[in-house]
Amino acid sequence: MSASTTERSRCRISVNGTEKDFDGPTHENALDFLRGQGLTAAKEGCAEGECGACAILLARPDGEGIRWTSVNACLLPAAALDGQEIITAEGLAEGQTYHPVQEEMAVRGGSQCGYCTPGFICSMAAEYYRPERPTDSDPHHGPNGFDIHALSGNLCRCTGYRPIKDAAYALGNPAEADALAARRTDPAPASARTDLHRPDTPTGELGRFRRPGDLAEALDILAAEPEVLLVAGATDWGVEVNIKGARAKSLLAIDRLPELRGIRFTETHVEIGAAHTLSEIERELNGAVPLLGKLLPQFASRLIRNGATIGGNLGTGSPIGDTPPALLALEAELVLASADGERTVALADYFTGYRQTVRASGELIRAVRIPLPLASLTSFQKIAKRRFDDISSVAIGYAVDVVDGTVAKARIGLGGVAATPLRARATEAAIEGRPWSLETVHSAAEVLASEGTPMDDHRASSRYRTAMLRSSLERFFAEQLGTMDQEAGR
């Protein structure tokens with residue numbers, strides 16, 4: 001396959017059922033594009049994906065049909081929507097008839113100033129149309145099956161959350177005549193092969209945005225132009241553009257490449273495509289990898305997880321990413337692909353320095369492999385200032401096997417305590433082969449407190465991080481005792 005795609009002068013995006021042209025600079029985000037079209041319901045609040053005022057609905061593939069997915073328009077490059085279909089808060093109503101979500105928000109007082117309301121409505125609509133939404137209450141959902149965590153990425157500054165929650169829990173199921181509900185069985189729009197050239201307005205420098213048709217084409221481009229910036233969910237890059245004014249001469253979108261998508265189970269491992277979003281992983285694994293099941297609900301917000309990919313979280317090389325500690329505990333491997341072929345690297349050997357990795361020029365992460373069988377005792381601990389939608393001060397992943405009361409194997413991954421994520425190898429050695437007891441845990445806790453090189457920053461002090469490490473193993477031990485007691489019926 002050639003490393004070039006058909007160059008087009010503009011992108012075509014379906015917005016509320018109408019085809020719109022986008023021919024702006026390649027750094028322009030979807031929010032600015034929409035507001036330029038006069039669709040001003042979506043707002044800019046934080047410009048980094050924390051407030052949800054910019055939320056819109058995107059038609060994402062879901063099996064043979066569509067899943068209406070809420071995403072942050074402030075982070076997503078508008079060019080990434082070429083050939084795609086989006087719905088804004090303005091597009092939910094049918095003429096003068098409110099959408100059920102809009103109706104409930106109005107009658108239950110879910111809005112005061114209204115600034116955040118359209119974003120809430122789009123996130124609420126995504127949950128309203130979620131096909132597997134239960135029809136009744138369970139411990140994790142409202143009386144109508146509504147998952148209130150679907151709104152975890154939306155902030156309201158004046159209304160208070162009770163009337164918003166009331167509106168969410170008052171929603172019924174979509175009517176048979178609901179057009180967006182009916183669309184869920186339609187095929188999702190195919191990703192367009194894109195090659196957009198546009199100058200950046202402030203600098204005048206030419207920018208380029210490409211979406212290749214397949215992995216081979218992407219790798220050819222990467223080999224020819226090692227400086228090209230890979231973009232998937234843009235939840236990290238979008239912040240750089242908005243807050244720091246970052247610009248890239250060339251962007252390569254890889255989020256919809258089929259070779260980087262999907263989850264596959266084999267006899268020896270679970271393979272997760274690098275471009276699979278965290279929400280898709282959470283939904284499709286459905287607890288099959290328990291440690292990831294404990295991690296993902298704590299990763300940022302639903303809006304962010306709907307865009308962020310597992311490969312992107314690893315590709316940044318950040319020492320405070322949430323997935324590396326858990327994946328290190330799971331002894332994950334990365335499949336790195338280039339035009340010359342593939343190689344497999346243990347995640348424990350992947351990070352080489354602050355935001356530095358062994359990934360060579362011309363390589364990208366194709367997949368993450370988690371070896372089987374999985375450890376029997378697992379936990380993910382995230383220490384942050386907020387329980388949800390926050391960056392970790394310290395993150396710890398545990399995967400431990402206990403056989404006849406003795407620790408047969410222990411793997412512990414750490415984040416936020418060094419320039420890179422790392423394995424707590426000294427602590428692993430301190431508990432392996434010893435009784436799974438409070439005495440062992442107390443002794444090893446001091447070893448864990450000495451792992452890494454914690455530093456002082458605005459999130460936490462070095463002393464605090466060390467204290468969190470010291471208490472972490474005891475917390476894990478207490479968690480597992482409680483779990484084992486429950487399983488034994490005590």
# chains A, B, ... in the order shown; residues from 1 in each chain; ligands from 1

$ residues_around --residues "Pro77 of chain A" --least-positions-apart "5" --cutoff "8 Å" --atoms "only C-alpha atoms" --output "list in words"
Thr26, His27, Glu28, Asn29, Ala30, Ala234 and Gly238 of chain A

$ write_last_selection --atoms "N, CA, C and O atoms" --output "mmCIF file, in the first residue's frame"
data_model
loop_
_atom_site.group_PDB
_atom_site.id
_atom_site.type_symbol
_atom_site.label_atom_id
_atom_site.label_comp_id
_atom_site.auth_asym_id
_atom_site.auth_seq_id
_atom_site.Cartn_x
_atom_site.Cartn_y
_atom_site.Cartn_z
ATOM 1 N N THR A 26 -5.392 22.201 10.887
ATOM 2 C CA THR A 26 -5.460 20.825 11.384
ATOM 3 C C THR A 26 -5.472 20.747 12.907
ATOM 4 O O THR A 26 -5.852 19.720 13.468
ATOM 5 N N HIS A 27 -5.050 21.821 13.602
ATOM 6 C CA HIS A 27 -5.080 21.777 15.064
ATOM 7 C C HIS A 27 -6.449 22.144 15.627
ATOM 8 O O HIS A 27 -6.691 21.966 16.813
ATOM 9 N N GLU A 28 -7.373 22.646 14.801
ATOM 10 C CA GLU A 28 -8.663 23.106 15.308
ATOM 11 C C GLU A 28 -9.460 21.934 15.868
ATOM 12 O O GLU A 28 -9.570 20.877 15.251
ATOM 13 N N ASN A 29 -10.026 22.128 17.063
ATOM 14 C CA ASN A 29 -10.780 21.035 17.672
ATOM 15 C C ASN A 29 -12.245 21.076 17.254
ATOM 16 O O ASN A 29 -12.731 22.045 16.663
ATOM 17 N N ALA A 30 -12.937 19.978 17.568
ATOM 18 C CA ALA A 30 -14.334 19.845 17.155
ATOM 19 C C ALA A 30 -15.215 20.913 17.795
ATOM 20 O O ALA A 30 -16.189 21.376 17.182
ATOM 21 N N ALA A 234 -6.616 11.529 21.452
ATOM 22 C CA ALA A 234 -6.229 12.946 21.600
ATOM 23 C C ALA A 234 -6.530 13.495 22.992
ATOM 24 O O ALA A 234 -6.564 14.714 23.170
ATOM 25 N N GLY A 238 -4.749 16.826 22.870
ATOM 26 C CA GLY A 238 -5.710 17.917 22.866
ATOM 27 C C GLY A 238 -5.443 18.934 23.957
ATOM 28 O O GLY A 238 -5.622 20.147 23.767
#

$ select_by_dssp --residues "segment 185-273 of chain A" --states "strand (DSSP E)" --output "PyMOL selection string"
chain A and resi 194-199+206-211+229-231+250-253+263-265+269-273

$ closest_residue --among "A:Glu259, A:Glu428, A:Asp200, A:Glu280" --to "Arg247 of chain A" --atoms "only C-alpha atoms"
A:Asp200

$ atom_distance --atom1 "atom CA of Thr97 of chain A" --atom2 "atom CA of Gly109 of chain A"
18.1 Å

$ closest_atom_pairs --of "segment 149-174 of chain A" --to "segment 44-51 of chain A" --cutoff "10 Å" --atoms "only C-alpha atoms" --output "JSON lines"
{"residue": "A:Ser152", "atom": "CA", "partner": "A:Cys51", "partner_atom": "CA", "distance": 9.2}
{"residue": "A:Gly153", "atom": "CA", "partner": "A:Glu50", "partner_atom": "CA", "distance": 6.1}
{"residue": "A:Asn154", "atom": "CA", "partner": "A:Cys51", "partner_atom": "CA", "distance": 5.0}
{"residue": "A:Leu155", "atom": "CA", "partner": "A:Cys51", "partner_atom": "CA", "distance": 4.9}
{"residue": "A:Cys156", "atom": "CA", "partner": "A:Cys51", "partner_atom": "CA", "distance": 8.0}
{"residue": "A:Arg157", "atom": "CA", "partner": "A:Cys51", "partner_atom": "CA", "distance": 9.8}

$ atom_distance --atom1 "atom CA of Ala59 of chain A" --atom2 "atom CA of Glu104 of chain A"
23.4 Å

$ closest_residue --among "A:Ser472, A:Gln381, A:Ser443, A:Thr277" --to "Thr309 of chain A" --atoms "only C-alpha atoms"
A:Thr277

$ residues_around --residues "Gly321 of chain A" --least-positions-apart "3" --cutoff "9 Å" --atoms "only C-alpha atoms" --output "PyMOL selection string"
chain A and resi 313-314+316-318+324-325+391-392+395+415-416+421

$ select_by_dssp --residues "segment 146-206 of chain A" --states "alpha helix (DSSP H)" --output "list of chain:residue names"
A:Tyr161, A:Arg162, A:Pro163, A:Ile164, A:Lys165, A:Asp166, A:Ala167, A:Ala168, A:Tyr169, A:Ala179, A:Leu180, A:Ala181, A:Ala182

$ write_last_selection --atoms "N, CA and C atoms" --output "PDB file, in the first residue's frame"
ATOM      1  N   TYR A 161     -26.142  18.709  42.328  1.00  0.00           N
ATOM      2  CA  TYR A 161     -26.312  17.484  41.551  1.00  0.00           C
ATOM      3  C   TYR A 161     -27.609  16.735  41.824  1.00  0.00           C
ATOM      4  N   ARG A 162     -28.291  17.049  42.923  1.00  0.00           N
ATOM      5  CA  ARG A 162     -29.504  16.280  43.228  1.00  0.00           C
ATOM      6  C   ARG A 162     -30.554  16.383  42.126  1.00  0.00           C
ATOM      7  N   PRO A 163     -30.938  17.581  41.642  1.00  0.00           N
ATOM      8  CA  PRO A 163     -31.946  17.623  40.580  1.00  0.00           C
ATOM      9  C   PRO A 163     -31.457  17.002  39.270  1.00  0.00           C
ATOM     10  N   ILE A 164     -30.144  17.064  39.004  1.00  0.00           N
ATOM     11  CA  ILE A 164     -29.605  16.408  37.806  1.00  0.00           C
ATOM     12  C   ILE A 164     -29.731  14.899  37.956  1.00  0.00           C
ATOM     13  N   LYS A 165     -29.413  14.404  39.131  1.00  0.00           N
ATOM     14  CA  LYS A 165     -29.565  12.973  39.411  1.00  0.00           C
ATOM     15  C   LYS A 165     -31.029  12.561  39.327  1.00  0.00           C
ATOM     16  N   ASP A 166     -31.910  13.395  39.851  1.00  0.00           N
ATOM     17  CA  ASP A 166     -33.343  13.109  39.763  1.00  0.00           C
ATOM     18  C   ASP A 166     -33.792  12.992  38.308  1.00  0.00           C
ATOM     19  N   ALA A 167     -33.299  13.887  37.473  1.00  0.00           N
ATOM     20  CA  ALA A 167     -33.659  13.842  36.054  1.00  0.00           C
ATOM     21  C   ALA A 167     -33.166  12.561  35.407  1.00  0.00           C
ATOM     22  N   ALA A 168     -31.937  12.161  35.738  1.00  0.00           N
ATOM     23  CA  ALA A 168     -31.380  10.930  35.164  1.00  0.00           C
ATOM     24  C   ALA A 168     -32.192   9.712  35.586  1.00  0.00           C
ATOM     25  N   TYR A 169     -32.583   9.671  36.862  1.00  0.00           N
ATOM     26  CA  TYR A 169     -33.289   8.501  37.375  1.00  0.00           C
ATOM     27  C   TYR A 169     -34.772   8.482  36.987  1.00  0.00           C
ATOM     28  N   ALA A 179     -35.843   8.220  16.845  1.00  0.00           N
ATOM     29  CA  ALA A 179     -34.982   8.066  15.664  1.00  0.00           C
ATOM     30  C   ALA A 179     -33.565   7.644  16.035  1.00  0.00           C
ATOM     31  N   LEU A 180     -33.004   8.217  17.098  1.00  0.00           N
ATOM     32  CA  LEU A 180     -31.637   7.871  17.473  1.00  0.00           C
ATOM     33  C   LEU A 180     -31.551   6.459  18.032  1.00  0.00           C
ATOM     34  N   ALA A 181     -32.613   6.015  18.716  1.00  0.00           N
ATOM     35  CA  ALA A 181     -32.640   4.635  19.195  1.00  0.00           C
ATOM     36  C   ALA A 181     -32.700   3.663  18.019  1.00  0.00           C
ATOM     37  N   ALA A 182     -33.501   4.003  17.021  1.00  0.00           N
ATOM     38  CA  ALA A 182     -33.617   3.136  15.842  1.00  0.00           C
ATOM     39  C   ALA A 182     -32.299   3.050  15.085  1.00  0.00           C
TER      40      ALA A 182
END

$ residues_around --residues "Ala253 of chain A" --least-positions-apart "2" --cutoff "8 Å" --atoms "only C-alpha atoms" --output "PyMOL selection string"
chain A and resi 80+209-212+230-232+251+255-256

$ residues_around --residues "Glu284 of chain A" --least-positions-apart "5" --cutoff "12 Å" --atoms "only C-alpha atoms" --output "NGL selection string"
:A and (62-63 or 132 or 262-265 or 272 or 276-279 or 289 or 292-293)

$ residues_around --residues "Gly172 of chain A" --least-positions-apart "3" --cutoff "12 Å" --atoms "only C-alpha atoms" --output "MDAnalysis selection string"
chainID A and resid 99:101 103:104 125 127:129 133:136 142:146 167:169 175

$ write_last_selection --atoms "N, CA, C and O atoms" --output "PDB file, in the first residue's frame"
ATOM      1  N   HIS A  99     -36.321  16.562  23.649  1.00  0.00           N
ATOM      2  CA  HIS A  99     -35.889  15.179  23.846  1.00  0.00           C
ATOM      3  C   HIS A  99     -36.214  14.799  25.293  1.00  0.00           C
ATOM      4  O   HIS A  99     -36.235  15.665  26.187  1.00  0.00           O
ATOM      5  N   PRO A 100     -36.491  13.516  25.580  1.00  0.00           N
ATOM      6  CA  PRO A 100     -36.814  13.125  26.959  1.00  0.00           C
ATOM      7  C   PRO A 100     -35.775  13.571  27.981  1.00  0.00           C
ATOM      8  O   PRO A 100     -36.133  13.954  29.109  1.00  0.00           O
ATOM      9  N   VAL A 101     -34.497  13.543  27.618  1.00  0.00           N
ATOM     10  CA  VAL A 101     -33.462  13.995  28.552  1.00  0.00           C
ATOM     11  C   VAL A 101     -33.611  15.492  28.814  1.00  0.00           C
ATOM     12  O   VAL A 101     -33.543  15.951  29.964  1.00  0.00           O
ATOM     13  N   GLU A 103     -36.317  17.242  28.529  1.00  0.00           N
ATOM     14  CA  GLU A 103     -37.573  17.433  29.261  1.00  0.00           C
ATOM     15  C   GLU A 103     -37.373  17.191  30.752  1.00  0.00           C
ATOM     16  O   GLU A 103     -37.802  18.007  31.593  1.00  0.00           O
ATOM     17  N   GLU A 104     -36.720  16.088  31.101  1.00  0.00           N
ATOM     18  CA  GLU A 104     -36.528  15.781  32.517  1.00  0.00           C
ATOM     19  C   GLU A 104     -35.609  16.799  33.188  1.00  0.00           C
ATOM     20  O   GLU A 104     -35.838  17.185  34.342  1.00  0.00           O
ATOM     21  N   ALA A 125     -27.764  11.541  27.498  1.00  0.00           N
ATOM     22  CA  ALA A 125     -28.363  10.897  26.330  1.00  0.00           C
ATOM     23  C   ALA A 125     -27.582   9.652  25.928  1.00  0.00           C
ATOM     24  O   ALA A 125     -28.168   8.651  25.504  1.00  0.00           O
ATOM     25  N   GLU A 127     -26.040   7.622  27.926  1.00  0.00           N
ATOM     26  CA  GLU A 127     -26.465   6.567  28.841  1.00  0.00           C
ATOM     27  C   GLU A 127     -27.912   6.149  28.565  1.00  0.00           C
ATOM     28  O   GLU A 127     -28.262   4.963  28.672  1.00  0.00           O
ATOM     29  N   TYR A 128     -28.744   7.092  28.198  1.00  0.00           N
ATOM     30  CA  TYR A 128     -30.143   6.802  27.857  1.00  0.00           C
ATOM     31  C   TYR A 128     -30.221   5.785  26.715  1.00  0.00           C
ATOM     32  O   TYR A 128     -31.082   4.895  26.712  1.00  0.00           O
ATOM     33  N   TYR A 129     -29.301   5.911  25.745  1.00  0.00           N
ATOM     34  CA  TYR A 129     -29.316   5.013  24.586  1.00  0.00           C
ATOM     35  C   TYR A 129     -28.397   3.801  24.745  1.00  0.00           C
ATOM     36  O   TYR A 129     -28.285   3.006  23.812  1.00  0.00           O
ATOM     37  N   ARG A 133     -28.276  -1.077  29.043  1.00  0.00           N
ATOM     38  CA  ARG A 133     -28.774  -0.462  30.281  1.00  0.00           C
ATOM     39  C   ARG A 133     -29.848  -1.343  30.891  1.00  0.00           C
ATOM     40  O   ARG A 133     -30.826  -1.686  30.229  1.00  0.00           O
ATOM     41  N   PRO A 134     -29.686  -1.743  32.163  1.00  0.00           N
ATOM     42  CA  PRO A 134     -30.695  -2.620  32.781  1.00  0.00           C
ATOM     43  C   PRO A 134     -32.044  -1.923  32.891  1.00  0.00           C
ATOM     44  O   PRO A 134     -32.129  -0.693  32.905  1.00  0.00           O
ATOM     45  N   THR A 135     -33.085  -2.706  32.968  1.00  0.00           N
ATOM     46  CA  THR A 135     -34.437  -2.141  33.013  1.00  0.00           C
ATOM     47  C   THR A 135     -34.903  -1.861  34.437  1.00  0.00           C
ATOM     48  O   THR A 135     -35.974  -1.306  34.630  1.00  0.00           O
ATOM     49  N   ASP A 136     -34.100  -2.262  35.422  1.00  0.00           N
ATOM     50  CA  ASP A 136     -34.491  -1.981  36.803  1.00  0.00           C
ATOM     51  C   ASP A 136     -33.236  -1.688  37.622  1.00  0.00           C
ATOM     52  O   ASP A 136     -32.119  -1.674  37.103  1.00  0.00           O
ATOM     53  N   GLY A 142     -29.362   3.430  39.138  1.00  0.00           N
ATOM     54  CA  GLY A 142     -30.587   3.992  39.658  1.00  0.00           C
ATOM     55  C   GLY A 142     -31.766   3.068  39.462  1.00  0.00           C
ATOM     56  O   GLY A 142     -31.642   1.974  38.881  1.00  0.00           O
ATOM     57  N   PRO A 143     -32.951   3.478  39.894  1.00  0.00           N
ATOM     58  CA  PRO A 143     -34.136   2.631  39.783  1.00  0.00           C
ATOM     59  C   PRO A 143     -34.514   2.308  38.346  1.00  0.00           C
ATOM     60  O   PRO A 143     -35.241   1.342  38.091  1.00  0.00           O
ATOM     61  N   ASN A 144     -34.036   3.100  37.405  1.00  0.00           N
ATOM     62  CA  ASN A 144     -34.303   2.847  35.982  1.00  0.00           C
ATOM     63  C   ASN A 144     -33.095   2.230  35.276  1.00  0.00           C
ATOM     64  O   ASN A 144     -33.045   2.171  34.050  1.00  0.00           O
ATOM     65  N   GLY A 145     -32.100   1.782  36.054  1.00  0.00           N
ATOM     66  CA  GLY A 145     -30.901   1.193  35.458  1.00  0.00           C
ATOM     67  C   GLY A 145     -29.876   2.207  35.002  1.00  0.00           C
ATOM     68  O   GLY A 145     -28.876   1.841  34.384  1.00  0.00           O
ATOM     69  N   PHE A 146     -30.081   3.490  35.272  1.00  0.00           N
ATOM     70  CA  PHE A 146     -29.170   4.545  34.822  1.00  0.00           C
ATOM     71  C   PHE A 146     -27.889   4.508  35.642  1.00  0.00           C
ATOM     72  O   PHE A 146     -27.916   4.543  36.868  1.00  0.00           O
ATOM     73  N   ALA A 167     -33.299  13.887  37.473  1.00  0.00           N
ATOM     74  CA  ALA A 167     -33.659  13.842  36.054  1.00  0.00           C
ATOM     75  C   ALA A 167     -33.166  12.561  35.407  1.00  0.00           C
ATOM     76  O   ALA A 167     -33.887  11.914  34.630  1.00  0.00           O
ATOM     77  N   ALA A 168     -31.937  12.161  35.738  1.00  0.00           N
ATOM     78  CA  ALA A 168     -31.380  10.930  35.164  1.00  0.00           C
ATOM     79  C   ALA A 168     -32.192   9.712  35.586  1.00  0.00           C
ATOM     80  O   ALA A 168     -32.493   8.830  34.769  1.00  0.00           O
ATOM     81  N   TYR A 169     -32.583   9.671  36.862  1.00  0.00           N
ATOM     82  CA  TYR A 169     -33.289   8.501  37.375  1.00  0.00           C
ATOM     83  C   TYR A 169     -34.772   8.482  36.987  1.00  0.00           C
ATOM     84  O   TYR A 169     -35.464   7.484  37.210  1.00  0.00           O
ATOM     85  N   ALA A 175     -38.591   5.490  23.198  1.00  0.00           N
ATOM     86  CA  ALA A 175     -39.817   5.058  22.519  1.00  0.00           C
ATOM     87  C   ALA A 175     -39.492   4.366  21.197  1.00  0.00           C
ATOM     88  O   ALA A 175     -38.401   4.547  20.628  1.00  0.00           O
TER      89      ALA A 175
END

$ residues_around --residues "His269 of chain A" --least-positions-apart "3" --cutoff "10 Å" --atoms "only C-alpha atoms" --output "MDAnalysis selection string"
chainID A and resid 264:266 272 332:333 368:374

$ write_last_selection --atoms "all heavy atoms" --output "short mmCIF file (atom, residue, chain, number, x, y, z; two decimals), in the first residue's frame"
data_model
loop_
_atom_site.label_atom_id
_atom_site.label_comp_id
_atom_site.auth_asym_id
_atom_site.auth_seq_id
_atom_site.Cartn_x
_atom_site.Cartn_y
_atom_site.Cartn_z
N ARG A 264 -8.73 -10.20 21.84
CA ARG A 264 -8.67 -11.61 21.45
C ARG A 264 -8.12 -12.45 22.60
O ARG A 264 -7.12 -12.08 23.23
CB ARG A 264 -7.77 -11.78 20.21
CG ARG A 264 -8.37 -11.21 18.94
CD ARG A 264 -7.36 -11.10 17.82
NE ARG A 264 -6.42 -10.02 18.05
CZ ARG A 264 -6.68 -8.74 17.80
NH1 ARG A 264 -7.86 -8.38 17.34
NH2 ARG A 264 -5.77 -7.82 18.03
N PHE A 265 -8.78 -13.58 22.86
CA PHE A 265 -8.34 -14.52 23.89
C PHE A 265 -7.69 -15.72 23.22
O PHE A 265 -8.24 -16.29 22.27
CB PHE A 265 -9.53 -14.99 24.74
CG PHE A 265 -10.05 -13.96 25.70
CD1 PHE A 265 -10.93 -12.97 25.29
CD2 PHE A 265 -9.64 -13.97 27.03
CE1 PHE A 265 -11.41 -12.02 26.17
CE2 PHE A 265 -10.12 -13.02 27.92
CZ PHE A 265 -11.01 -12.05 27.50
N THR A 266 -6.53 -16.11 23.70
CA THR A 266 -5.87 -17.34 23.25
C THR A 266 -5.63 -18.21 24.48
O THR A 266 -5.97 -17.84 25.60
CB THR A 266 -4.54 -17.05 22.55
OG1 THR A 266 -3.55 -16.67 23.53
CG2 THR A 266 -4.68 -15.93 21.51
N ILE A 272 -5.10 -7.13 23.64
CA ILE A 272 -5.96 -5.96 23.54
C ILE A 272 -5.37 -5.02 22.51
O ILE A 272 -4.20 -4.60 22.64
CB ILE A 272 -6.09 -5.25 24.89
CG1 ILE A 272 -6.60 -6.21 25.97
CG2 ILE A 272 -7.01 -4.04 24.78
CD1 ILE A 272 -6.57 -5.64 27.38
N ALA A 332 2.41 -7.68 31.64
CA ALA A 332 2.00 -7.44 30.25
C ALA A 332 3.20 -7.26 29.34
O ALA A 332 4.29 -6.83 29.76
CB ALA A 332 1.09 -6.22 30.18
N GLU A 333 2.97 -7.56 28.06
CA GLU A 333 3.94 -7.33 27.01
C GLU A 333 3.31 -6.41 25.96
O GLU A 333 2.09 -6.39 25.79
CB GLU A 333 4.35 -8.64 26.34
CG GLU A 333 5.03 -9.63 27.27
CD GLU A 333 5.35 -10.94 26.58
OE1 GLU A 333 4.58 -11.33 25.67
OE2 GLU A 333 6.34 -11.58 26.96
N VAL A 368 -1.46 -4.87 23.35
CA VAL A 368 -0.99 -5.22 24.69
C VAL A 368 -1.37 -6.67 24.94
O VAL A 368 -2.53 -7.05 24.72
CB VAL A 368 -1.64 -4.32 25.76
CG1 VAL A 368 -1.21 -4.72 27.16
CG2 VAL A 368 -1.32 -2.85 25.49
N ARG A 369 -0.42 -7.47 25.40
CA ARG A 369 -0.69 -8.88 25.70
C ARG A 369 -0.54 -9.14 27.19
O ARG A 369 0.47 -8.78 27.80
CB ARG A 369 0.27 -9.79 24.91
CG ARG A 369 -0.07 -9.88 23.44
CD ARG A 369 0.90 -10.77 22.70
NE ARG A 369 0.57 -10.85 21.28
CZ ARG A 369 1.38 -11.34 20.35
NH1 ARG A 369 2.57 -11.82 20.70
NH2 ARG A 369 1.01 -11.36 19.08
N ILE A 370 -1.55 -9.77 27.76
CA ILE A 370 -1.56 -10.13 29.18
C ILE A 370 -1.51 -11.65 29.27
O ILE A 370 -2.42 -12.34 28.80
CB ILE A 370 -2.83 -9.59 29.87
CG1 ILE A 370 -2.87 -8.06 29.77
CG2 ILE A 370 -2.88 -10.05 31.32
CD1 ILE A 370 -4.19 -7.46 30.21
N PRO A 371 -0.44 -12.20 29.86
CA PRO A 371 -0.31 -13.66 29.90
C PRO A 371 -1.34 -14.31 30.82
O PRO A 371 -1.79 -13.71 31.80
CB PRO A 371 1.11 -13.87 30.41
CG PRO A 371 1.48 -12.62 31.12
CD PRO A 371 0.73 -11.51 30.43
N LEU A 372 -1.70 -15.53 30.46
CA LEU A 372 -2.61 -16.35 31.26
C LEU A 372 -1.81 -17.51 31.86
O LEU A 372 -0.81 -17.93 31.30
CB LEU A 372 -3.75 -16.88 30.38
CG LEU A 372 -4.65 -15.82 29.74
CD1 LEU A 372 -5.63 -16.49 28.78
CD2 LEU A 372 -5.40 -15.03 30.81
N PRO A 373 -2.23 -18.08 33.02
CA PRO A 373 -3.41 -17.69 33.80
C PRO A 373 -3.17 -16.43 34.61
O PRO A 373 -2.03 -16.01 34.80
CB PRO A 373 -3.62 -18.91 34.70
CG PRO A 373 -2.24 -19.45 34.91
CD PRO A 373 -1.53 -19.24 33.60
N LEU A 374 -4.27 -15.84 35.09
CA LEU A 374 -4.20 -14.61 35.87
C LEU A 374 -4.03 -14.93 37.34
O LEU A 374 -4.44 -15.98 37.83
CB LEU A 374 -5.48 -13.79 35.66
CG LEU A 374 -5.78 -13.37 34.22
CD1 LEU A 374 -7.18 -12.78 34.14
CD2 LEU A 374 -4.74 -12.37 33.72
#

$ closest_atom_pairs --of "segment 252-330 of chain A" --to "segment 66-73 of chain A" --cutoff "7 Å" --atoms "only C-alpha atoms" --output "CSV"
residue,atom,partner,partner_atom,distance
A:Leu303,CA,A:Val71,CA,5.2
A:Asn306,CA,A:Val71,CA,6.3
A:Gly307,CA,A:Val71,CA,6.4

$ write_last_selection --atoms "N, CA, C and O atoms" --output "short mmCIF file (atom, residue, chain, number, x, y, z; two decimals), in the first residue's frame"
data_model
loop_
_atom_site.label_atom_id
_atom_site.label_comp_id
_atom_site.auth_asym_id
_atom_site.auth_seq_id
_atom_site.Cartn_x
_atom_site.Cartn_y
_atom_site.Cartn_z
N LEU A 303 -16.28 10.27 30.10
CA LEU A 303 -16.02 11.02 28.88
C LEU A 303 -14.60 10.80 28.38
O LEU A 303 -14.37 10.62 27.18
N ASN A 306 -14.07 7.23 27.10
CA ASN A 306 -14.69 7.01 25.79
C ASN A 306 -13.76 7.39 24.65
O ASN A 306 -13.97 6.97 23.51
N GLY A 307 -12.75 8.22 24.93
CA GLY A 307 -11.82 8.63 23.89
C GLY A 307 -10.44 8.03 24.05
O GLY A 307 -9.79 7.65 23.07
#

$ closest_residue --among "A:Ala326, A:Val441, A:Ala218, A:Ile13" --to "Leu295 of chain A" --atoms "only C-alpha atoms"
A:Ala326
